[in-house]
Amino acid sequence: MYAGAHQRCWVHLLRLLHALKETYAGETAVVAWAQAVRAVYDASQAWVQQEERTRAERETQYVQRVEAIRTFYTERPFLSIAQYSLVDRQFAPDLELVGDVSATLEALQGKVVVHHTWPPDAPGAFRRRLAAFLTPSADQSALGLSPARVFGRLRSLVPRDTILSVDTGAHKLLIGQVWPSYEPLTYLVSHGLSTMGYALPAAMAVKLEHPHRPVVAVVGDGGLAMVLPELETAVRLHLPVVVLVLSDRSLYLIRMHQERKGVQATGVDFGPIDFAGIAPGFGARGARAGTWAEFDDAVTAALKEDRPTVIEVPVDPVDYRKML
Ligand SMILES: Cc1ncc(C[n+]2csc(CCOP(=O)(O)OP(=O)(O)O)c2C)c(N)n1
Ligand SMILES: [Mg+2]
């Protein structure tokens, strides 16, 4: 904005200068003055260009989306058929068909001849490669359980029609890759703007809508600390949601961003929060799952409860480093 206004002023001044030079051609004082103004103009141009460069650098450095820890890439050309355009700074499909999805598919019917060139085992091979990449090196460590295993275990303990809400952080990026959903609208997540503190109120809203279906909120310790008082609402409204909090004592996604940018991790770590101890203060149940047996018991018991349960799981964030 400022650079634009600045530019327009200079254009007026240069025009004026040109008119003066025409009128007073040959008068030394006017020519010297014109040269001085020209020099200031050139200096100001350099300044405007530097400003533009700094602004562009600032944008690429800081105006990133939270998830964009690595550049998004696809190995194959990517066609998107969706109601909205998916184009974003980090990501652009090769071809987009934007509009009502059913109408688009109907319009395409019979018109597209697919030449399938993938070898028959390609999807299977890809799945195996992905599974190998997402296999944690250890089940647990002195720091806590493996988050990838926690998600796998949770999936095997809760019924297929469970509705899951997921908060924002490293845990979201990992669970998004390992959690199989069996029905539409059973995996709820705040993507794009990615607000923290989403999963607990989302789970409560879902439980109001579907009182007889199991509802689980998966949250980071930072995210739950932001919205903890909502537990009082959940208790008062008799919403027996299961809140699984992954305690890595850090805003871990931000820590990873900082480390990958080569700066020292700052302002991201905090002490362990006694979520299991705090929950009863709101009238909810609290459980701490430091072992796999405790985890199984806590989840199984929470599903039978008639009030909310907070299950605090100390985790070792090494999975995040390896898999994200
Ligand atoms: C309201 C809000 N504030 C800040 C952020 C930026 N942010 C994204 S992830 C994150 C850290 C999340 O920490 P935690 O909840 O502990 O999850 P973890 O990454 O440790 O799994 C932050 C601060 C955000 N997305 N939303
Ligand atoms: Mg955390």
# chains A, B, ... in the order shown; residues from 1 in each chain; ligands from 1
call {"tool": "residues_around", "arguments": {"residues": "Val166 of chain A", "least_positions_apart": "6", "cutoff": "12 Å", "atoms": "only C-alpha atoms", "output": "number ranges by chain"}}
result
A: 151, 172-176, 179, 186-191, 194-203, 215-220, 223-224, 242-246
call {"tool": "write_last_selection", "arguments": {"atoms": "N, CA and C atoms", "output": "mmCIF file, in the first residue's frame"}}
result
data_model
loop_
_atom_site.group_PDB
_atom_site.id
_atom_site.type_symbol
_atom_site.label_atom_id
_atom_site.label_comp_id
_atom_site.auth_asym_id
_atom_site.auth_seq_id
_atom_site.Cartn_x
_atom_site.Cartn_y
_atom_site.Cartn_z
ATOM 1 N N PHE A 151 -2.983 -44.729 19.350
ATOM 2 C CA PHE A 151 -4.102 -44.569 18.421
ATOM 3 C C PHE A 151 -4.589 -45.927 17.911
ATOM 4 N N LYS A 172 -2.493 -34.542 15.964
ATOM 5 C CA LYS A 172 -3.469 -34.517 14.871
ATOM 6 C C LYS A 172 -2.841 -35.004 13.568
ATOM 7 N N LEU A 173 -1.608 -34.566 13.313
ATOM 8 C CA LEU A 173 -0.971 -34.946 12.055
ATOM 9 C C LEU A 173 -0.708 -36.450 11.997
ATOM 10 N N LEU A 174 -0.456 -37.035 13.162
ATOM 11 C CA LEU A 174 -0.185 -38.469 13.168
ATOM 12 C C LEU A 174 -1.481 -39.286 13.125
ATOM 13 N N ILE A 175 -2.450 -38.921 13.951
ATOM 14 C CA ILE A 175 -3.679 -39.738 14.001
ATOM 15 C C ILE A 175 -4.406 -39.682 12.661
ATOM 16 N N GLY A 176 -4.255 -38.552 11.963
ATOM 17 C CA GLY A 176 -4.891 -38.420 10.652
ATOM 18 C C GLY A 176 -4.397 -39.460 9.657
ATOM 19 N N TRP A 179 -5.665 -43.464 11.638
ATOM 20 C CA TRP A 179 -6.983 -43.797 12.167
ATOM 21 C C TRP A 179 -7.931 -44.194 11.036
ATOM 22 N N THR A 186 -17.567 -39.552 11.147
ATOM 23 C CA THR A 186 -17.147 -40.142 12.424
ATOM 24 C C THR A 186 -15.744 -39.663 12.812
ATOM 25 N N TYR A 187 -15.156 -38.786 11.996
ATOM 26 C CA TYR A 187 -13.815 -38.258 12.294
ATOM 27 C C TYR A 187 -13.876 -36.751 12.101
ATOM 28 N N LEU A 188 -13.894 -36.033 13.206
ATOM 29 C CA LEU A 188 -14.100 -34.584 13.128
ATOM 30 C C LEU A 188 -12.823 -33.859 13.529
ATOM 31 N N VAL A 189 -12.433 -32.894 12.723
ATOM 32 C CA VAL A 189 -11.150 -32.253 12.954
ATOM 33 C C VAL A 189 -11.203 -30.832 12.420
ATOM 34 N N SER A 190 -10.461 -29.928 13.078
ATOM 35 C CA SER A 190 -10.412 -28.552 12.590
ATOM 36 C C SER A 190 -9.171 -28.398 11.722
ATOM 37 N N HIS A 191 -9.386 -28.464 10.386
ATOM 38 C CA HIS A 191 -8.258 -28.309 9.474
ATOM 39 C C HIS A 191 -8.263 -26.911 8.901
ATOM 40 N N SER A 194 -7.238 -24.671 11.778
ATOM 41 C CA SER A 194 -6.626 -25.559 12.774
ATOM 42 C C SER A 194 -6.615 -25.009 14.183
ATOM 43 N N THR A 195 -7.757 -24.634 14.669
ATOM 44 C CA THR A 195 -7.721 -24.063 16.009
ATOM 45 C C THR A 195 -7.527 -25.117 17.094
ATOM 46 N N MET A 196 -6.679 -24.807 18.054
ATOM 47 C CA MET A 196 -6.564 -25.655 19.242
ATOM 48 C C MET A 196 -7.818 -25.437 20.092
ATOM 49 N N GLY A 197 -8.099 -26.404 20.952
ATOM 50 C CA GLY A 197 -9.248 -26.258 21.849
ATOM 51 C C GLY A 197 -10.551 -26.645 21.177
ATOM 52 N N TYR A 198 -10.476 -27.255 20.004
ATOM 53 C CA TYR A 198 -11.676 -27.610 19.240
ATOM 54 C C TYR A 198 -12.289 -28.930 19.715
ATOM 55 N N ALA A 199 -11.437 -29.908 20.027
ATOM 56 C CA ALA A 199 -11.932 -31.291 20.147
ATOM 57 C C ALA A 199 -12.921 -31.495 21.300
ATOM 58 N N LEU A 200 -12.674 -30.863 22.449
ATOM 59 C CA LEU A 200 -13.582 -31.110 23.579
ATOM 60 C C LEU A 200 -14.976 -30.530 23.313
ATOM 61 N N PRO A 201 -15.102 -29.238 22.984
ATOM 62 C CA PRO A 201 -16.451 -28.741 22.685
ATOM 63 C C PRO A 201 -17.097 -29.448 21.497
ATOM 64 N N ALA A 202 -16.295 -29.862 20.513
ATOM 65 C CA ALA A 202 -16.878 -30.587 19.364
ATOM 66 C C ALA A 202 -17.460 -31.914 19.849
ATOM 67 N N ALA A 203 -16.715 -32.609 20.717
ATOM 68 C CA ALA A 203 -17.204 -33.895 21.229
ATOM 69 C C ALA A 203 -18.495 -33.693 22.020
ATOM 70 N N VAL A 215 -18.380 -41.285 22.050
ATOM 71 C CA VAL A 215 -17.718 -40.091 21.511
ATOM 72 C C VAL A 215 -16.393 -39.893 22.249
ATOM 73 N N VAL A 216 -15.318 -39.794 21.487
ATOM 74 C CA VAL A 216 -13.983 -39.643 22.083
ATOM 75 C C VAL A 216 -13.326 -38.379 21.531
ATOM 76 N N ALA A 217 -12.764 -37.578 22.433
ATOM 77 C CA ALA A 217 -11.973 -36.408 22.007
ATOM 78 C C ALA A 217 -10.504 -36.734 22.243
ATOM 79 N N VAL A 218 -9.686 -36.602 21.197
ATOM 80 C CA VAL A 218 -8.230 -36.792 21.347
ATOM 81 C C VAL A 218 -7.586 -35.407 21.329
ATOM 82 N N VAL A 219 -6.893 -35.058 22.405
ATOM 83 C CA VAL A 219 -6.351 -33.691 22.522
ATOM 84 C C VAL A 219 -4.909 -33.715 23.029
ATOM 85 N N GLY A 220 -4.175 -32.662 22.699
ATOM 86 C CA GLY A 220 -2.836 -32.492 23.267
ATOM 87 C C GLY A 220 -2.958 -31.834 24.639
ATOM 88 N N GLY A 223 -3.578 -28.062 24.192
ATOM 89 C CA GLY A 223 -4.946 -27.767 23.736
ATOM 90 C C GLY A 223 -5.966 -27.957 24.844
ATOM 91 N N LEU A 224 -5.815 -29.030 25.645
ATOM 92 C CA LEU A 224 -6.803 -29.255 26.707
ATOM 93 C C LEU A 224 -6.687 -28.175 27.783
ATOM 94 N N VAL A 242 -15.448 -39.200 26.291
ATOM 95 C CA VAL A 242 -14.134 -39.680 26.738
ATOM 96 C C VAL A 242 -13.102 -38.696 26.201
ATOM 97 N N VAL A 243 -12.302 -38.135 27.096
ATOM 98 C CA VAL A 243 -11.280 -37.163 26.669
ATOM 99 C C VAL A 243 -9.910 -37.807 26.865
ATOM 100 N N LEU A 244 -9.236 -38.064 25.750
ATOM 101 C CA LEU A 244 -7.918 -38.701 25.823
ATOM 102 C C LEU A 244 -6.860 -37.631 25.615
ATOM 103 N N VAL A 245 -6.119 -37.314 26.673
ATOM 104 C CA VAL A 245 -5.137 -36.230 26.542
ATOM 105 C C VAL A 245 -3.723 -36.803 26.482
ATOM 106 N N LEU A 246 -3.007 -36.404 25.421
ATOM 107 C CA LEU A 246 -1.647 -36.906 25.189
ATOM 108 C C LEU A 246 -0.672 -35.946 25.840
#
call {"tool": "residues_around", "arguments": {"residues": "Ala142 of chain A", "least_positions_apart": "6", "cutoff": "10 Å", "atoms": "only C-alpha atoms", "output": "list in words"}}
result
Gly290, Pro314, Val315 and Asp316 of chain A
call {"tool": "atom_distance", "arguments": {"atom1": "atom CA of Arg213 of chain A", "atom2": "atom CA of Pro229 of chain A"}}
result
23.5 Å
call {"tool": "closest_atom_pairs", "arguments": {"of": "chain A", "to": "ligand 1", "cutoff": "6 Å", "atoms": "only C-alpha atoms and all ligand atoms", "output": "Markdown table"}}
result
| residue | atom | partner | partner_atom_place_in_ligand_line | distance |
| --- | --- | --- | --- | --- |
| A:Val66 | CA | ligand 1 | 8 (C) | 5.7 |
| A:Thr168 | CA | ligand 1 | 9 (S) | 5.2 |
| A:Gly169 | CA | ligand 1 | 19 (O) | 3.3 |
| A:Ala170 | CA | ligand 1 | 19 (O) | 3.8 |
| A:His171 | CA | ligand 1 | 21 (O) | 4.2 |
| A:Ser194 | CA | ligand 1 | 25 (N) | 4.9 |
| A:Thr195 | CA | ligand 1 | 26 (N) | 3.8 |
| A:Met196 | CA | ligand 1 | 26 (N) | 3.9 |
| A:Gly220 | CA | ligand 1 | 15 (O) | 3.5 |
| A:Asp221 | CA | ligand 1 | 16 (O) | 4.2 |
| A:Gly222 | CA | ligand 1 | 16 (O) | 3.5 |
| A:Gly223 | CA | ligand 1 | 15 (O) | 3.7 |
| A:Asp248 | CA | ligand 1 | 20 (O) | 5.9 |
| A:Ser250 | CA | ligand 1 | 20 (O) | 5.1 |
| A:Leu251 | CA | ligand 1 | 13 (O) | 3.5 |
| A:Tyr252 | CA | ligand 1 | 20 (O) | 3.7 |
| A:Leu253 | CA | ligand 1 | 19 (O) | 3.9 |
| A:Ile254 | CA | ligand 1 | 11 (C) | 5.5 |
call {"tool": "write_last_selection", "arguments": {"atoms": "N, CA and C atoms", "output": "compact mmCIF listing (two decimals), in the first residue's frame"}}
result
# COMPACT_ATOMS: atom_id res chain seq x y z
N VAL A 66 -0.29 -24.00 9.90
CA VAL A 66 0.28 -24.77 11.00
C VAL A 66 0.74 -26.15 10.55
N THR A 168 -5.73 -29.91 17.66
CA THR A 168 -4.65 -29.52 16.74
C THR A 168 -3.28 -29.65 17.41
N GLY A 169 -2.34 -30.20 16.67
CA GLY A 169 -0.99 -30.37 17.21
C GLY A 169 -0.33 -31.54 16.50
N ALA A 170 0.82 -31.96 17.00
CA ALA A 170 1.52 -33.08 16.38
C ALA A 170 0.63 -34.33 16.38
N HIS A 171 -0.15 -34.49 17.46
CA HIS A 171 -1.01 -35.67 17.56
C HIS A 171 -2.01 -35.73 16.39
N SER A 194 -7.24 -24.67 11.78
CA SER A 194 -6.63 -25.56 12.77
C SER A 194 -6.61 -25.01 14.18
N THR A 195 -7.76 -24.63 14.67
CA THR A 195 -7.72 -24.06 16.01
C THR A 195 -7.53 -25.12 17.09
N MET A 196 -6.68 -24.81 18.05
CA MET A 196 -6.56 -25.66 19.24
C MET A 196 -7.82 -25.44 20.09
N GLY A 220 -4.18 -32.66 22.70
CA GLY A 220 -2.84 -32.49 23.27
C GLY A 220 -2.96 -31.83 24.64
N ASP A 221 -1.88 -31.89 25.40
CA ASP A 221 -1.93 -31.29 26.74
C ASP A 221 -2.06 -29.76 26.66
N GLY A 222 -1.42 -29.15 25.62
CA GLY A 222 -1.56 -27.70 25.44
C GLY A 222 -2.98 -27.32 25.11
N GLY A 223 -3.58 -28.06 24.19
CA GLY A 223 -4.95 -27.77 23.74
C GLY A 223 -5.97 -27.96 24.84
N ASP A 248 2.67 -34.75 26.43
CA ASP A 248 4.10 -34.75 26.06
C ASP A 248 4.79 -33.53 26.64
N SER A 250 4.55 -30.44 26.23
CA SER A 250 5.09 -29.50 25.24
C SER A 250 4.03 -29.13 24.21
N LEU A 251 4.22 -27.94 23.61
CA LEU A 251 3.48 -27.61 22.38
C LEU A 251 4.31 -28.22 21.27
N TYR A 252 4.19 -29.54 21.12
CA TYR A 252 5.23 -30.26 20.40
C TYR A 252 5.32 -29.92 18.92
N LEU A 253 4.18 -29.64 18.31
CA LEU A 253 4.23 -29.30 16.88
C LEU A 253 5.05 -28.03 16.67
N ILE A 254 4.88 -27.09 17.57
CA ILE A 254 5.61 -25.82 17.44
C ILE A 254 7.10 -26.07 17.71
call {"tool": "closest_residue", "arguments": {"among": "A:Pro317, A:Gly286, A:Pro93, A:Pro272", "to": "Glu305 of chain A", "atoms": "only C-alpha atoms"}}
result
A:Gly286
call {"tool": "closest_residue", "arguments": {"among": "A:Gly281, A:Pro147, A:Pro214, A:Gly192", "to": "ligand 2", "atoms": "only C-alpha atoms and all ligand atoms"}}
result
A:Pro147
call {"tool": "residues_around", "arguments": {"residues": "Ala302 of chain A", "least_positions_apart": "3", "cutoff": "9 Å", "atoms": "only C-alpha atoms", "output": "list in words"}}
result
Pro240, Val241, Val242, Arg285, Asp297, Ala298, Val299, Glu305, Asp306, Arg307, Pro308, Thr309, Val310 and Ile311 of chain A
call {"tool": "write_last_selection", "arguments": {"atoms": "N, CA and C atoms", "output": "PDB file, in the first residue's frame"}}
result
ATOM      1  N   PRO A 240     -21.344 -37.881  28.734  1.00  0.00           N
ATOM      2  CA  PRO A 240     -20.229 -38.774  29.097  1.00  0.00           C
ATOM      3  C   PRO A 240     -19.221 -38.979  27.956  1.00  0.00           C
ATOM      4  N   VAL A 241     -18.577 -37.905  27.571  1.00  0.00           N
ATOM      5  CA  VAL A 241     -17.553 -38.021  26.529  1.00  0.00           C
ATOM      6  C   VAL A 241     -16.252 -38.552  27.136  1.00  0.00           C
ATOM      7  N   VAL A 242     -15.448 -39.200  26.291  1.00  0.00           N
ATOM      8  CA  VAL A 242     -14.134 -39.680  26.738  1.00  0.00           C
ATOM      9  C   VAL A 242     -13.102 -38.696  26.201  1.00  0.00           C
ATOM     10  N   ARG A 285     -14.605 -37.838  35.766  1.00  0.00           N
ATOM     11  CA  ARG A 285     -13.677 -38.867  36.240  1.00  0.00           C
ATOM     12  C   ARG A 285     -12.299 -38.612  35.650  1.00  0.00           C
ATOM     13  N   ASP A 297      -7.794 -50.621  30.472  1.00  0.00           N
ATOM     14  CA  ASP A 297      -8.801 -50.521  31.549  1.00  0.00           C
ATOM     15  C   ASP A 297      -9.482 -49.151  31.518  1.00  0.00           C
ATOM     16  N   ALA A 298      -8.673 -48.114  31.351  1.00  0.00           N
ATOM     17  CA  ALA A 298      -9.226 -46.749  31.410  1.00  0.00           C
ATOM     18  C   ALA A 298     -10.224 -46.527  30.272  1.00  0.00           C
ATOM     19  N   VAL A 299      -9.878 -46.961  29.069  1.00  0.00           N
ATOM     20  CA  VAL A 299     -10.779 -46.729  27.918  1.00  0.00           C
ATOM     21  C   VAL A 299     -12.055 -47.561  28.091  1.00  0.00           C
ATOM     22  N   GLU A 305     -19.159 -45.261  31.393  1.00  0.00           N
ATOM     23  CA  GLU A 305     -19.483 -44.222  32.382  1.00  0.00           C
ATOM     24  C   GLU A 305     -20.685 -43.376  31.979  1.00  0.00           C
ATOM     25  N   ASP A 306     -21.315 -42.758  33.001  1.00  0.00           N
ATOM     26  CA  ASP A 306     -22.405 -41.840  32.677  1.00  0.00           C
ATOM     27  C   ASP A 306     -21.975 -40.382  32.882  1.00  0.00           C
ATOM     28  N   ARG A 307     -20.685 -40.173  33.047  1.00  0.00           N
ATOM     29  CA  ARG A 307     -20.151 -38.806  33.091  1.00  0.00           C
ATOM     30  C   ARG A 307     -18.820 -38.757  32.333  1.00  0.00           C
ATOM     31  N   PRO A 308     -18.345 -37.558  32.048  1.00  0.00           N
ATOM     32  CA  PRO A 308     -17.113 -37.483  31.255  1.00  0.00           C
ATOM     33  C   PRO A 308     -15.912 -38.077  31.993  1.00  0.00           C
ATOM     34  N   THR A 309     -14.993 -38.650  31.221  1.00  0.00           N
ATOM     35  CA  THR A 309     -13.747 -39.162  31.796  1.00  0.00           C
ATOM     36  C   THR A 309     -12.576 -38.524  31.057  1.00  0.00           C
ATOM     37  N   VAL A 310     -11.603 -38.076  31.820  1.00  0.00           N
ATOM     38  CA  VAL A 310     -10.353 -37.586  31.218  1.00  0.00           C
ATOM     39  C   VAL A 310      -9.294 -38.659  31.434  1.00  0.00           C
ATOM     40  N   ILE A 311      -8.760 -39.187  30.325  1.00  0.00           N
ATOM     41  CA  ILE A 311      -7.691 -40.189  30.436  1.00  0.00           C
ATOM     42  C   ILE A 311      -6.383 -39.509  30.047  1.00  0.00           C
TER      43      ILE A 311
END
call {"tool": "select_by_dssp", "arguments": {"residues": "segment 87-167 of chain A", "states": "helix (DSSP H, G or I)", "output": "PyMOL selection string"}}
result
chain A and resi 101-108+122-133+147-157
call {"tool": "residues_around", "arguments": {"residues": "Leu86 of chain A", "least_positions_apart": "5", "cutoff": "12 Å", "atoms": "only C-alpha atoms", "output": "PyMOL selection string"}}
result
chain A and resi 78-81+91-99+192
call {"tool": "write_last_selection", "arguments": {"atoms": "C-alpha atoms", "output": "tab-separated table (two decimals), in the first residue's frame"}}
result
chain	number	residue	atom	x	y	z
A	78	PHE	CA	-3.92	-35.00	-8.61
A	79	LEU	CA	-7.48	-34.27	-9.72
A	80	SER	CA	-9.82	-32.68	-7.20
A	81	ILE	CA	-13.60	-32.85	-7.54
A	91	PHE	CA	-0.84	-27.03	-2.42
A	92	ALA	CA	-2.52	-27.06	-5.80
A	93	PRO	CA	-4.22	-30.01	-7.51
A	94	ASP	CA	-3.19	-30.50	-11.15
A	95	LEU	CA	-6.80	-30.19	-12.22
A	96	GLU	CA	-9.86	-29.04	-10.30
A	97	LEU	CA	-13.54	-29.48	-11.03
A	98	VAL	CA	-15.27	-27.11	-8.63
A	99	GLY	CA	-19.01	-27.31	-8.04
A	192	GLY	CA	-7.14	-25.21	7.64
call {"tool": "closest_atom_pairs", "arguments": {"of": "segment 89-195 of chain A", "to": "segment 204-212 of chain A", "cutoff": "12 Å", "atoms": "only C-alpha atoms", "output": "JSON lines"}}
result
{"residue": "A:Pro159", "atom": "CA", "partner": "A:His212", "partner_atom": "CA", "distance": 11.9}
{"residue": "A:Asp161", "atom": "CA", "partner": "A:His212", "partner_atom": "CA", "distance": 10.5}
{"residue": "A:Thr162", "atom": "CA", "partner": "A:His212", "partner_atom": "CA", "distance": 10.0}
{"residue": "A:Ile163", "atom": "CA", "partner": "A:Val206", "partner_atom": "CA", "distance": 7.9}
{"residue": "A:Leu164", "atom": "CA", "partner": "A:Val206", "partner_atom": "CA", "distance": 9.3}
{"residue": "A:Ser165", "atom": "CA", "partner": "A:Val206", "partner_atom": "CA", "distance": 8.9}
{"residue": "A:Leu185", "atom": "CA", "partner": "A:Val206", "partner_atom": "CA", "distance": 10.3}
{"residue": "A:Thr186", "atom": "CA", "partner": "A:Val206", "partner_atom": "CA", "distance": 9.8}
{"residue": "A:Tyr187", "atom": "CA", "partner": "A:Val206", "partner_atom": "CA", "distance": 11.0}
{"residue": "A:Leu188", "atom": "CA", "partner": "A:Val206", "partner_atom": "CA", "distance": 9.6}
